[in-house]
file query_10.txt (compact mmCIF, C-alpha atoms)
# COMPACT_ATOMS: atom_id res chain seq x y z
CA MET A 1 -17.71 -14.61 9.79
CA ARG A 2 -20.48 -13.29 7.48
CA HIS A 3 -18.91 -9.86 7.14
CA VAL A 4 -15.50 -11.45 6.51
CA TRP A 5 -16.96 -13.33 3.55
CA ILE A 6 -18.56 -10.13 2.19
CA LEU A 7 -15.15 -8.48 2.29
CA SER A 8 -13.69 -11.53 0.54
CA ALA A 9 -16.23 -11.16 -2.29
CA THR A 10 -15.50 -7.43 -2.50
CA GLN A 11 -11.79 -8.16 -2.67
CA ALA A 12 -12.47 -10.51 -5.60
CA LEU A 13 -14.14 -7.72 -7.58
CA CYS A 14 -11.65 -4.98 -6.75
CA ALA A 15 -8.54 -7.11 -7.18
CA SER A 16 -9.74 -8.10 -10.68
CA GLY A 17 -9.21 -4.53 -11.85
CA GLY A 18 -5.74 -4.42 -10.31
CA PHE A 19 -4.76 -7.74 -11.89
CA LEU A 20 -6.05 -6.56 -15.26
CA MET A 21 -3.85 -3.47 -14.98
CA MET A 22 -0.87 -5.63 -13.99
CA LEU A 23 -1.33 -7.76 -17.10
CA LEU A 24 -2.06 -5.00 -19.62
CA GLY A 25 -0.32 -1.96 -18.15
CA GLY A 26 3.15 -2.89 -19.38
CA ILE A 27 1.92 -4.13 -22.78
CA ILE A 28 -0.12 -0.96 -23.42
CA GLY A 29 2.70 1.13 -21.97
CA SER A 30 5.22 -0.41 -24.38
CA ARG A 31 2.98 0.69 -27.28
CA LEU A 32 2.24 4.21 -26.07
CA ALA A 33 5.34 5.23 -24.06
CA PRO A 34 7.80 7.71 -25.62
CA GLY A 35 10.67 5.41 -24.63
CA PRO A 36 11.08 1.73 -23.59
CA ALA A 37 12.28 2.60 -20.07
CA LEU A 38 8.86 4.18 -19.41
CA ALA A 39 6.87 1.11 -20.47
CA THR A 40 6.19 0.00 -16.89
CA LEU A 41 5.38 3.53 -15.68
CA PRO A 42 1.56 3.01 -15.71
CA ILE A 43 1.92 -0.02 -13.42
CA SER A 44 4.45 1.79 -11.26
CA LEU A 45 2.15 4.80 -10.92
CA MET A 46 -0.68 2.47 -9.92
CA ILE A 47 1.52 1.33 -7.04
CA VAL A 48 2.59 4.93 -6.34
CA GLY A 49 -1.10 5.82 -6.15
CA LEU A 50 -1.53 3.02 -3.63
CA ALA A 51 1.37 4.20 -1.47
CA ALA A 52 0.40 7.88 -1.69
CA SER A 53 -3.20 7.16 -0.65
CA ILE A 54 -2.44 5.12 2.46
CA LEU A 55 -1.88 7.94 4.96
CA PRO A 56 -4.79 10.13 3.72
CA ALA A 57 -7.00 7.04 3.74
CA GLY A 58 -6.04 6.29 7.34
CA HIS A 59 -6.93 9.86 8.32
CA ALA A 60 -10.25 9.66 6.45
CA MET A 61 -11.15 6.37 8.12
CA ARG A 62 -10.55 7.89 11.54
CA ARG A 63 -12.89 10.77 10.62
CA ILE A 64 -15.79 9.09 8.80
CA GLY A 65 -15.24 5.36 9.27
CA ARG A 66 -13.92 2.52 7.16
CA ARG A 67 -17.13 1.60 5.35
CA ARG A 68 -17.74 5.01 3.76
CA VAL A 69 -14.12 5.36 2.66
CA PHE A 70 -14.15 1.83 1.20
CA LEU A 71 -17.31 2.58 -0.79
CA LEU A 72 -16.17 5.96 -2.16
CA SER A 73 -12.81 4.51 -3.13
CA SER A 74 -14.45 1.77 -5.22
CA LEU A 75 -16.41 4.37 -7.17
CA LEU A 76 -13.21 6.36 -7.74
CA ALA A 77 -11.55 3.23 -9.16
CA ALA A 78 -14.51 2.73 -11.53
CA ALA A 79 -13.91 6.25 -12.82
CA GLY A 80 -10.20 5.41 -13.17
CA CYS A 81 -11.03 2.41 -15.39
CA LEU A 82 -13.18 4.59 -17.66
CA LEU A 83 -10.32 7.08 -17.85
CA ALA A 84 -7.97 4.23 -18.86
CA ALA A 85 -10.39 3.18 -21.62
CA LEU A 86 -10.47 6.77 -22.90
CA ALA A 87 -6.66 6.95 -22.81
CA VAL A 88 -6.29 3.74 -24.81
CA SER A 89 -8.86 4.97 -27.35
CA ARG A 90 -6.92 8.23 -27.81
CA GLY A 91 -3.47 6.66 -27.64
CA ASP A 92 -2.60 9.02 -24.77
CA PHE A 93 0.20 7.56 -22.64
CA TRP A 94 0.10 10.21 -19.91
CA LEU A 95 -3.66 9.97 -19.52
CA PHE A 96 -3.23 6.20 -19.16
CA CYS A 97 -0.64 6.84 -16.44
CA ALA A 98 -3.14 9.10 -14.63
CA ALA A 99 -5.72 6.31 -14.78
CA GLY A 100 -3.17 4.02 -13.11
CA LEU A 101 -2.99 6.46 -10.19
CA PHE A 102 -6.78 6.36 -9.74
CA ILE A 103 -6.91 2.57 -9.82
CA GLY A 104 -3.95 2.34 -7.45
CA SER A 105 -5.53 4.67 -4.90
CA ASN A 106 -8.36 2.17 -4.45
CA ASN A 107 -5.85 -0.63 -3.89
CA ALA A 108 -4.72 1.19 -0.74
CA LEU A 109 -8.22 0.66 0.65
CA VAL A 110 -8.49 -2.91 -0.64
CA MET A 111 -5.37 -3.74 1.37
CA GLN A 112 -7.17 -2.44 4.47
CA TYR A 113 -9.86 -5.13 4.10
CA ARG A 114 -7.55 -7.60 5.84
CA PHE A 115 -7.32 -5.43 8.96
CA ALA A 116 -11.10 -4.87 9.02
CA ALA A 117 -11.65 -8.63 8.78
CA ALA A 118 -9.31 -9.29 11.71
CA GLU A 119 -11.44 -6.93 13.82
CA TYR A 120 -14.69 -8.82 13.09
CA VAL A 121 -13.44 -11.96 14.87
CA GLU A 122 -11.74 -13.07 18.06
CA PRO A 123 -7.94 -12.55 18.15
CA GLU A 124 -7.23 -16.28 17.84
CA LEU A 125 -9.17 -16.33 14.56
CA ALA A 126 -7.41 -13.30 13.06
CA SER A 127 -5.07 -15.26 10.77
CA ARG A 128 -8.02 -17.26 9.41
CA ALA A 129 -10.10 -14.12 8.77
CA ILE A 130 -7.16 -12.44 7.00
CA ALA A 131 -6.63 -15.53 4.86
CA ILE A 132 -10.34 -15.70 3.93
CA VAL A 133 -10.31 -12.10 2.72
CA MET A 134 -7.08 -12.63 0.77
CA SER A 135 -8.55 -15.78 -0.79
CA GLY A 136 -11.13 -13.56 -2.49
CA SER A 137 -8.38 -12.69 -4.92
CA LEU A 138 -8.47 -16.29 -6.18
CA ALA A 139 -11.51 -15.42 -8.25
CA ALA A 140 -9.84 -12.17 -9.27
CA ALA A 141 -6.80 -14.09 -10.52
CA VAL A 142 -9.10 -15.71 -13.07
CA ILE A 143 -11.50 -12.82 -13.74
CA GLY A 144 -8.92 -10.05 -14.23
CA PRO A 145 -6.70 -11.66 -16.90
CA GLU A 146 -9.65 -13.30 -18.65
CA LEU A 147 -11.47 -9.98 -18.77
CA GLY A 148 -8.34 -8.36 -20.19
CA VAL A 149 -8.21 -10.79 -23.11
CA ARG A 150 -11.91 -11.51 -23.75
CA ALA A 151 -13.13 -7.90 -23.54
CA ALA A 152 -10.17 -6.50 -25.46
CA GLY A 153 -12.13 -5.93 -28.66
CA LEU A 154 -15.36 -4.49 -27.22
CA VAL A 155 -14.42 -0.96 -28.33
CA PRO A 156 -13.82 -1.03 -32.11
CA GLY A 157 -10.44 0.30 -33.18
CA ALA A 158 -9.09 0.51 -29.62
CA GLU A 159 -7.69 -2.82 -28.42
CA TYR A 160 -8.01 -3.29 -24.64
CA ALA A 161 -10.21 -0.20 -24.10
CA GLY A 162 -13.19 -2.54 -23.64
CA SER A 163 -11.27 -4.44 -20.96
CA PHE A 164 -11.21 -1.36 -18.76
CA VAL A 165 -14.87 -0.51 -19.44
CA ALA A 166 -15.78 -4.00 -18.22
CA ALA A 167 -13.54 -3.59 -15.16
CA SER A 168 -15.36 -0.39 -14.18
CA LEU A 169 -18.54 -2.45 -13.71
CA LEU A 170 -16.74 -4.73 -11.24
CA TYR A 171 -15.85 -1.74 -9.06
CA VAL A 172 -19.47 -0.56 -9.09
CA GLY A 173 -20.48 -4.05 -7.93
CA ALA A 174 -17.90 -3.84 -5.14
CA ALA A 175 -19.38 -0.53 -3.97
CA TRP A 176 -22.82 -2.16 -3.78
CA LEU A 177 -21.45 -5.01 -1.62
CA LEU A 178 -19.68 -2.61 0.71
CA ARG A 179 -23.03 -1.03 1.60
CA HIS A 180 -23.72 -4.19 3.63
CA VAL A 181 -20.51 -4.11 5.69
CA PRO A 182 -20.73 -2.54 9.19
CA GLU A 183 -18.01 -0.56 10.86
CA SER A 184 -15.46 -2.74 12.65
CA VAL A 185 -14.92 -1.54 16.22
CA PRO A 186 -12.72 -3.97 18.19
CA GLU A 187 -13.15 -4.26 21.93
CA ASP A 188 -10.46 -2.34 23.78
CA PRO A 189 -9.15 -4.19 26.88
CA GLN A 190 -7.59 -0.90 28.08
CA PRO A 191 -10.21 1.70 27.12
CA HIS A 192 -8.64 4.52 29.14
CA ALA A 193 -5.01 3.93 28.11
CA GLN A 194 -3.34 6.65 26.08
CA PRO A 195 -2.02 5.70 22.61
CA ARG A 196 1.72 5.02 22.70
CA ALA A 197 4.25 7.04 20.77
CA LEU A 198 5.09 5.71 17.33
CA GLY A 199 8.73 5.22 18.32
CA GLU A 200 7.73 3.03 21.26
CA ILE A 201 5.56 0.82 19.06
CA ALA A 202 8.17 0.65 16.29
CA ALA A 203 10.86 -0.42 18.77
CA GLN A 204 9.14 -3.78 19.29
CA PRO A 205 11.07 -6.62 17.56
CA SER A 206 7.76 -8.13 16.45
CA PHE A 207 6.75 -4.88 14.75
CA LEU A 208 10.10 -4.62 12.95
CA LEU A 209 9.87 -8.23 11.75
CA ALA A 210 6.27 -7.78 10.57
CA VAL A 211 7.13 -4.68 8.53
CA LEU A 212 10.38 -6.09 7.12
CA ALA A 213 8.75 -9.38 6.08
CA ALA A 214 5.85 -7.67 4.32
CA LEU A 215 8.21 -5.13 2.71
CA SER A 216 10.53 -7.85 1.39
CA ALA A 217 7.66 -9.96 0.09
CA TYR A 218 6.04 -7.10 -1.79
CA ALA A 219 9.21 -5.48 -3.17
CA VAL A 220 10.62 -8.71 -4.64
CA MET A 221 7.22 -9.83 -5.95
CA SER A 222 6.48 -6.44 -7.54
CA PHE A 223 9.89 -6.14 -9.19
CA LEU A 224 9.62 -9.54 -10.88
CA MET A 225 5.90 -9.49 -11.68
CA THR A 226 6.00 -6.01 -13.23
CA ALA A 227 8.87 -7.02 -15.51
CA THR A 228 7.49 -10.42 -16.54
CA PRO A 229 4.79 -9.46 -19.12
CA ILE A 230 7.23 -7.21 -21.01
CA SER A 231 10.11 -9.68 -20.68
CA MET A 232 7.94 -12.53 -22.00
CA HIS A 233 5.88 -10.77 -24.67
CA VAL A 234 8.15 -7.97 -25.89
CA VAL A 235 11.72 -9.20 -25.23
CA ASP A 236 11.42 -13.00 -25.59
CA HIS A 237 8.48 -12.91 -28.06
CA HIS A 238 6.29 -15.42 -26.27
CA ASP A 239 2.70 -14.98 -27.42
CA GLU A 240 -0.07 -13.18 -25.57
CA VAL A 241 -1.78 -16.39 -24.41
CA ALA A 242 1.44 -17.80 -22.88
CA THR A 243 2.07 -14.48 -21.11
CA LYS A 244 -1.49 -14.39 -19.78
CA ASN A 245 -1.23 -17.99 -18.55
CA VAL A 246 2.00 -17.32 -16.65
CA ILE A 247 0.64 -14.17 -15.02
CA GLN A 248 -2.67 -15.85 -14.25
CA SER A 249 -0.84 -18.81 -12.67
CA HIS A 250 1.19 -16.35 -10.61
CA PHE A 251 -1.98 -14.65 -9.38
CA LEU A 252 -3.47 -18.02 -8.44
CA ALA A 253 -0.26 -18.98 -6.64
CA MET A 254 -0.46 -15.71 -4.71
CA TYR A 255 -3.93 -16.42 -3.35
CA LEU A 256 -4.69 -20.17 -3.57
CA PRO A 257 -2.50 -20.85 -0.49
CA SER A 258 -4.85 -18.53 1.44
CA LEU A 259 -7.21 -21.51 1.73
CA ALA A 260 -4.60 -23.13 3.99
CA SER A 261 -2.26 -20.36 5.14
CA GLY A 262 -4.41 -19.43 8.16
CA TRP A 263 -4.23 -23.07 9.31
CA ILE A 264 -0.47 -23.20 8.55
CA ILE A 265 0.19 -20.10 10.64
CA ALA A 266 -1.91 -21.46 13.51
CA ARG A 267 0.02 -24.76 13.41
CA LEU A 268 3.57 -23.57 12.74
CA GLY A 269 3.54 -20.01 14.05
CA VAL A 270 4.29 -16.75 12.25
CA HIS A 271 8.10 -16.99 12.37
CA PRO A 272 8.50 -20.39 10.63
CA THR A 273 5.85 -19.37 8.07
CA ILE A 274 7.74 -16.17 7.20
CA ALA A 275 10.97 -18.18 6.85
CA ALA A 276 9.29 -20.73 4.54
CA GLY A 277 7.96 -17.94 2.33
CA ALA A 278 11.40 -16.36 2.08
CA LEU A 279 12.94 -19.67 0.95
CA LEU A 280 10.31 -20.10 -1.77
CA MET A 281 10.97 -16.59 -3.08
CA ALA A 282 14.69 -17.34 -3.13
CA GLY A 283 13.86 -20.39 -5.28
CA CYS A 284 12.07 -18.11 -7.73
CA VAL A 285 15.16 -15.91 -8.04
CA ALA A 286 17.37 -18.98 -8.58
CA ILE A 287 15.17 -20.23 -11.46
CA SER A 288 15.07 -16.78 -13.05
CA VAL A 289 18.84 -16.32 -12.91
CA LEU A 290 20.14 -19.83 -13.54
CA LEU A 291 17.78 -21.82 -15.78
CA GLY A 292 16.58 -19.74 -18.73
CA GLN A 293 13.70 -17.82 -20.28
CA GLN A 294 11.42 -20.46 -21.74
CA VAL A 295 7.74 -20.38 -20.84
CA ALA A 296 8.22 -23.24 -18.32
CA HIS A 297 10.98 -21.30 -16.54
CA TYR A 298 8.79 -18.23 -16.28
CA TRP A 299 5.89 -20.37 -15.03
CA TRP A 300 7.80 -22.13 -12.25
CA ALA A 301 9.53 -18.94 -11.13
CA LEU A 302 6.28 -16.95 -10.93
CA VAL A 303 4.42 -19.76 -9.12
CA LEU A 304 7.11 -20.00 -6.44
CA LEU A 305 7.10 -16.22 -6.20
CA GLY A 306 3.35 -16.21 -5.58
CA VAL A 307 3.31 -18.92 -2.91
CA GLY A 308 6.28 -17.39 -1.09
CA TRP A 309 4.63 -13.97 -1.14
CA ASN A 310 1.40 -15.37 0.32
CA LEU A 311 3.05 -17.07 3.27
CA MET A 312 5.25 -14.10 4.10
CA PHE A 313 2.56 -11.46 3.74
CA ILE A 314 -0.27 -13.14 5.65
CA ALA A 315 2.07 -14.19 8.46
CA ALA A 316 3.49 -10.65 8.63
CA THR A 317 -0.02 -9.13 8.75
CA THR A 318 -1.02 -11.53 11.53
CA LEU A 319 2.08 -10.57 13.51
CA LEU A 320 1.42 -6.86 13.02
CA THR A 321 -2.09 -7.13 14.53
CA ARG A 322 -0.43 -8.24 17.78
CA CYS A 323 1.75 -5.13 18.00
CA TYR A 324 -0.80 -2.35 18.57
CA ARG A 325 -3.79 -1.49 20.74
CA PRO A 326 -7.24 -0.80 19.24
CA GLN A 327 -6.89 2.98 19.64
CA GLU A 328 -3.56 2.82 17.77
CA ARG A 329 -4.77 0.66 14.86
CA PHE A 330 -5.42 3.21 12.10
CA ARG A 331 -2.10 4.98 12.58
CA ILE A 332 0.02 1.80 12.77
CA GLN A 333 -1.79 0.07 9.92
CA ALA A 334 -1.27 3.18 7.75
CA VAL A 335 2.42 3.48 8.66
CA ASN A 336 3.00 -0.21 7.92
CA ASP A 337 1.26 -0.09 4.55
CA PHE A 338 2.96 3.17 3.57
CA VAL A 339 6.40 1.64 4.15
CA VAL A 340 5.50 -1.67 2.49
CA PHE A 341 3.80 -0.25 -0.59
CA GLY A 342 6.23 2.63 -0.95
CA SER A 343 8.94 -0.01 -1.31
CA GLN A 344 6.74 -1.89 -3.76
CA ALA A 345 6.38 1.26 -5.86
CA ALA A 346 10.15 1.77 -5.92
CA ALA A 347 10.70 -1.84 -6.98
CA SER A 348 8.14 -1.51 -9.76
CA LEU A 349 9.76 1.68 -11.06
CA LEU A 350 13.12 -0.08 -11.16
CA ALA A 351 11.72 -2.97 -13.22
CA GLY A 352 11.50 -0.93 -16.43
CA ALA A 353 15.06 0.36 -16.09
CA ALA A 354 16.32 -3.15 -15.33
CA LEU A 355 14.72 -4.51 -18.50

call {"tool": "encode", "arguments": {"input": "query_10.txt", "output": "structure tokens"}}
result
Amino acid sequence: MRHVWILSATQALCASGGFLMMLLGGIIGSRLAPGPALATLPISLMIVGLAASILPAGHAMRRIGRRRVFLLSSLLAAAGCLLAALAVSRGDFWLFCAAGLFIGSNNALVMQYRFAAAEYVEPELASRAIAIVMSGSLAAAVIGPELGVRAAGLVPGAEYAGSFVAASLLYVGAAWLLRHVPESVPEDPQPHAQPRALGEIAAQPSFLLAVLAALSAYAVMSFLMTATPISMHVVDHHDEVATKNVIQSHFLAMYLPSLASGWIIARLGVHPTIAAGALLMAGCVAISVLLGQQVAHYWWALVLLGVGWNLMFIAATTLLTRCYRPQERFRIQAVNDFVVFGSQAAASLLAGAAL
């Protein structure tokens, strides 16, 4: 489990930068964008960068291994944060959007940590290993938003530029940790079997459920989370601290259940866990639509959204690992993440228009 915990710590550092962008991207975008409908474009392009990088990343991992690609990607994200700081200093909206793409491309690799962790352990421990890695984002849920607010004034005359300079150091720290992670090479029970056709793998009901559950969890979560900072701070005029607290609580709700979700999946099974997550996310939608737009309404809705997402996504990932053979892993993992995060990008792009 040592390497699983290293990946968990790395996830904490890398996810902090993503959370910071989620908190500040819409606020900075609303100041710099040429029109209000484009305010969420930097966040959306971060997710587009994630989706667009998945298939090339899968190909690169097949060629040179996971560890090298993980490390190089972290350094690229550090450069993206410095580019974001420069964009904020210059008041350049399109340069800020480009920085979002760089940061998002690393997130494609961060999402692969969960698959690497599952390959370090026995199959019956896969859900626990995935949950441990995802729990690394608990620290990020605190570090990212706090960094966004506390480092905002480090660069004189450019609010929030210092936040991204500080975030770049986290990515450099992540690259250092990744130097200590070996390649994950799972034992193949059928070493001479030929990889199956994609259509044959995709025809499995378990594969379809795994992809649909993860897609639904991420699309709904992204749509609502992307819109919330602008809806709270710009539309409903709640202050910056209240907005930060709601988003921070949402991030904690996304990852705090990871301390127990591996055990929950082992006890209940993947299907009941996915169903429970879907019901919690439906509760979030009900609060958002029916109750109002006070800070308490935002808080409860975003907390339910986070917990529901966690249960659905970790259970779906666990189910997916049962649908492919070791020699098929990079291709199927990449296809799954491309579909899931492509849908997330579309949902995020729609959030600005909806507002």

call {"tool": "atom_distance", "arguments": {"input": "query_10.txt", "atom1": "atom CA of A:Arg150", "atom2": "atom CA of A:Ala345"}}
result
28.6 Å

call {"tool": "closest_residue", "arguments": {"input": "query_10.txt", "among": "A:Tyr113, A:Tyr160, A:Phe70, A:Phe251", "to": "A:Ala87", "atoms": "all atoms listed in the file"}}
result
A:Tyr160

call {"tool": "residues_near_point", "arguments": {"input": "query_10.txt", "point": "(-1.9, -4.1, -19.6)", "cutoff": "12 Å", "atoms": "only C-alpha atoms", "output": "number ranges by chain"}}
result
A: 17-32, 39-43, 46, 81, 84-85, 88, 96-97, 100, 144-145, 147-149, 152, 159-161, 163-164, 226-230, 233, 240, 243-244, 247

call {"tool": "residues_near_point", "arguments": {"input": "query_10.txt", "point": "(1.7, -6.9, 0.0)", "cutoff": "12 Å", "atoms": "all atoms listed in the file", "output": "PDB file with C-alpha atoms, in the frame of the given file"}}
result
ATOM      1  CA  ILE A  47       1.520   1.330  -7.040  1.00  0.00           C
ATOM      2  CA  LEU A  50      -1.530   3.020  -3.630  1.00  0.00           C
ATOM      3  CA  ALA A  51       1.370   4.200  -1.470  1.00  0.00           C
ATOM      4  CA  ASN A 107      -5.850  -0.630  -3.890  1.00  0.00           C
ATOM      5  CA  ALA A 108      -4.720   1.190  -0.740  1.00  0.00           C
ATOM      6  CA  VAL A 110      -8.490  -2.910  -0.640  1.00  0.00           C
ATOM      7  CA  MET A 111      -5.370  -3.740   1.370  1.00  0.00           C
ATOM      8  CA  GLN A 112      -7.170  -2.440   4.470  1.00  0.00           C
ATOM      9  CA  ARG A 114      -7.550  -7.600   5.840  1.00  0.00           C
ATOM     10  CA  MET A 134      -7.080 -12.630   0.770  1.00  0.00           C
ATOM     11  CA  ALA A 210       6.270  -7.780  10.570  1.00  0.00           C
ATOM     12  CA  VAL A 211       7.130  -4.680   8.530  1.00  0.00           C
ATOM     13  CA  LEU A 212      10.380  -6.090   7.120  1.00  0.00           C
ATOM     14  CA  ALA A 213       8.750  -9.380   6.080  1.00  0.00           C
ATOM     15  CA  ALA A 214       5.850  -7.670   4.320  1.00  0.00           C
ATOM     16  CA  LEU A 215       8.210  -5.130   2.710  1.00  0.00           C
ATOM     17  CA  SER A 216      10.530  -7.850   1.390  1.00  0.00           C
ATOM     18  CA  ALA A 217       7.660  -9.960   0.090  1.00  0.00           C
ATOM     19  CA  TYR A 218       6.040  -7.100  -1.790  1.00  0.00           C
ATOM     20  CA  ALA A 219       9.210  -5.480  -3.170  1.00  0.00           C
ATOM     21  CA  VAL A 220      10.620  -8.710  -4.640  1.00  0.00           C
ATOM     22  CA  MET A 221       7.220  -9.830  -5.950  1.00  0.00           C
ATOM     23  CA  SER A 222       6.480  -6.440  -7.540  1.00  0.00           C
ATOM     24  CA  MET A 254      -0.460 -15.710  -4.710  1.00  0.00           C
ATOM     25  CA  TYR A 255      -3.930 -16.420  -3.350  1.00  0.00           C
ATOM     26  CA  GLY A 306       3.350 -16.210  -5.580  1.00  0.00           C
ATOM     27  CA  GLY A 308       6.280 -17.390  -1.090  1.00  0.00           C
ATOM     28  CA  TRP A 309       4.630 -13.970  -1.140  1.00  0.00           C
ATOM     29  CA  ASN A 310       1.400 -15.370   0.320  1.00  0.00           C
ATOM     30  CA  LEU A 311       3.050 -17.070   3.270  1.00  0.00           C
ATOM     31  CA  MET A 312       5.250 -14.100   4.100  1.00  0.00           C
ATOM     32  CA  PHE A 313       2.560 -11.460   3.740  1.00  0.00           C
ATOM     33  CA  ILE A 314      -0.270 -13.140   5.650  1.00  0.00           C
ATOM     34  CA  ALA A 315       2.070 -14.190   8.460  1.00  0.00           C
ATOM     35  CA  ALA A 316       3.490 -10.650   8.630  1.00  0.00           C
ATOM     36  CA  THR A 317      -0.020  -9.130   8.750  1.00  0.00           C
ATOM     37  CA  ASN A 336       3.000  -0.210   7.920  1.00  0.00           C
ATOM     38  CA  ASP A 337       1.260  -0.090   4.550  1.00  0.00           C
ATOM     39  CA  PHE A 338       2.960   3.170   3.570  1.00  0.00           C
ATOM     40  CA  VAL A 339       6.400   1.640   4.150  1.00  0.00           C
ATOM     41  CA  VAL A 340       5.500  -1.670   2.490  1.00  0.00           C
ATOM     42  CA  PHE A 341       3.800  -0.250  -0.590  1.00  0.00           C
ATOM     43  CA  GLY A 342       6.230   2.630  -0.950  1.00  0.00           C
ATOM     44  CA  SER A 343       8.940  -0.010  -1.310  1.00  0.00           C
ATOM     45  CA  GLN A 344       6.740  -1.890  -3.760  1.00  0.00           C
ATOM     46  CA  ALA A 345       6.380   1.260  -5.860  1.00  0.00           C
TER      47      ALA A 345
END

call {"tool": "residues_around", "arguments": {"input": "query_10.txt", "residues": "A:Met1", "least_positions_apart": "2", "cutoff": "8 Å", "atoms": "all atoms listed in the file", "output": "list in words"}}
result
His3, Val4, Trp5, Tyr120, Val121 and Ala129 of chain A

call {"tool": "closest_atom_pairs", "arguments": {"input": "query_10.txt", "of": "stretch 64-129 of chain A", "to": "stretch 176-180 of chain A", "cutoff": "10 Å", "atoms": "only C-alpha atoms", "output": "JSON lines"}}
result
{"residue": "A:Arg67", "atom": "CA", "partner": "A:Leu178", "partner_atom": "CA", "distance": 6.8}
{"residue": "A:Arg68", "atom": "CA", "partner": "A:Arg179", "partner_atom": "CA", "distance": 8.3}
{"residue": "A:Val69", "atom": "CA", "partner": "A:Leu178", "partner_atom": "CA", "distance": 9.9}
{"residue": "A:Phe70", "atom": "CA", "partner": "A:Leu178", "partner_atom": "CA", "distance": 7.1}
{"residue": "A:Leu71", "atom": "CA", "partner": "A:Leu178", "partner_atom": "CA", "distance": 5.9}
{"residue": "A:Leu72", "atom": "CA", "partner": "A:Leu178", "partner_atom": "CA", "distance": 9.7}
{"residue": "A:Ser74", "atom": "CA", "partner": "A:Leu178", "partner_atom": "CA", "distance": 9.0}
{"residue": "A:Leu75", "atom": "CA", "partner": "A:Trp176", "partner_atom": "CA", "distance": 9.8}

call {"tool": "closest_residue", "arguments": {"input": "query_10.txt", "among": "A:Leu76, A:Ala167, A:Ala354, A:Ile6", "to": "A:Ala116", "atoms": "all atoms listed in the file"}}
result
A:Ile6

call {"tool": "closest_residue", "arguments": {"input": "query_10.txt", "among": "A:Val335, A:Ile143, A:Leu82, A:Leu95", "to": "A:Val165", "atoms": "all atoms listed in the file"}}
result
A:Leu82

call {"tool": "closest_residue", "arguments": {"input": "query_10.txt", "among": "A:Ala275, A:Met225, A:Ala126, A:Ala79", "to": "A:Leu350", "atoms": "all atoms listed in the file"}}
result
A:Met225

call {"tool": "residues_around", "arguments": {"input": "query_10.txt", "residues": "A:Val270", "least_positions_apart": "2", "cutoff": "8 Å", "atoms": "only C-alpha atoms", "output": "list in words"}}
result
Ile265, Ala266, Leu268, Pro272, Thr273, Ile274, Ala315, Ala316, Thr318 and Leu319 of chain A

call {"tool": "closest_residue", "arguments": {"input": "query_10.txt", "among": "A:Arg331, A:Ile287, A:Met281, A:Gly162", "to": "A:Leu198", "atoms": "only C-alpha atoms"}}
result
A:Arg331

call {"tool": "closest_residue", "arguments": {"input": "query_10.txt", "among": "A:Ser127, A:Asn106, A:Ser135, A:Ser206", "to": "A:Tyr324", "atoms": "only C-alpha atoms"}}
result
A:Ser206

call {"tool": "build_atoms", "arguments": {"input": "query_10.txt", "residues": "stretch 175-183 of chain A", "atoms": "N, CA, C and O atoms", "output": "compact mmCIF listing (two decimals), in the coordinates of the input"}}
result
# COMPACT_ATOMS: atom_id res chain seq x y z
N ALA A 175 -18.78 -1.59 -4.78
CA ALA A 175 -19.38 -0.53 -3.97
C ALA A 175 -20.74 -0.95 -3.43
O ALA A 175 -21.09 -0.66 -2.28
N TRP A 176 -21.51 -1.68 -4.24
CA TRP A 176 -22.82 -2.16 -3.78
C TRP A 176 -22.65 -3.15 -2.62
O TRP A 176 -23.39 -3.09 -1.62
N LEU A 177 -21.69 -4.06 -2.70
CA LEU A 177 -21.45 -5.01 -1.62
C LEU A 177 -21.03 -4.31 -0.33
O LEU A 177 -21.43 -4.71 0.77
N LEU A 178 -20.21 -3.29 -0.47
CA LEU A 178 -19.68 -2.61 0.71
C LEU A 178 -20.77 -1.88 1.50
O LEU A 178 -20.56 -1.56 2.68
N ARG A 179 -21.91 -1.63 0.88
CA ARG A 179 -23.03 -1.03 1.60
C ARG A 179 -23.51 -1.93 2.73
O ARG A 179 -24.15 -1.46 3.69
N HIS A 180 -23.22 -3.22 2.65
CA HIS A 180 -23.72 -4.19 3.63
C HIS A 180 -22.69 -4.54 4.70
O HIS A 180 -22.92 -5.45 5.50
N VAL A 181 -21.56 -3.83 4.71
CA VAL A 181 -20.51 -4.11 5.69
C VAL A 181 -20.58 -3.07 6.81
O VAL A 181 -20.53 -1.86 6.54
N PRO A 182 -20.70 -3.50 8.08
CA PRO A 182 -20.73 -2.54 9.19
C PRO A 182 -19.34 -2.04 9.53
O PRO A 182 -18.33 -2.58 9.07
N GLU A 183 -19.29 -1.01 10.34
CA GLU A 183 -18.01 -0.56 10.86
C GLU A 183 -17.44 -1.63 11.79
O GLU A 183 -18.18 -2.29 12.52
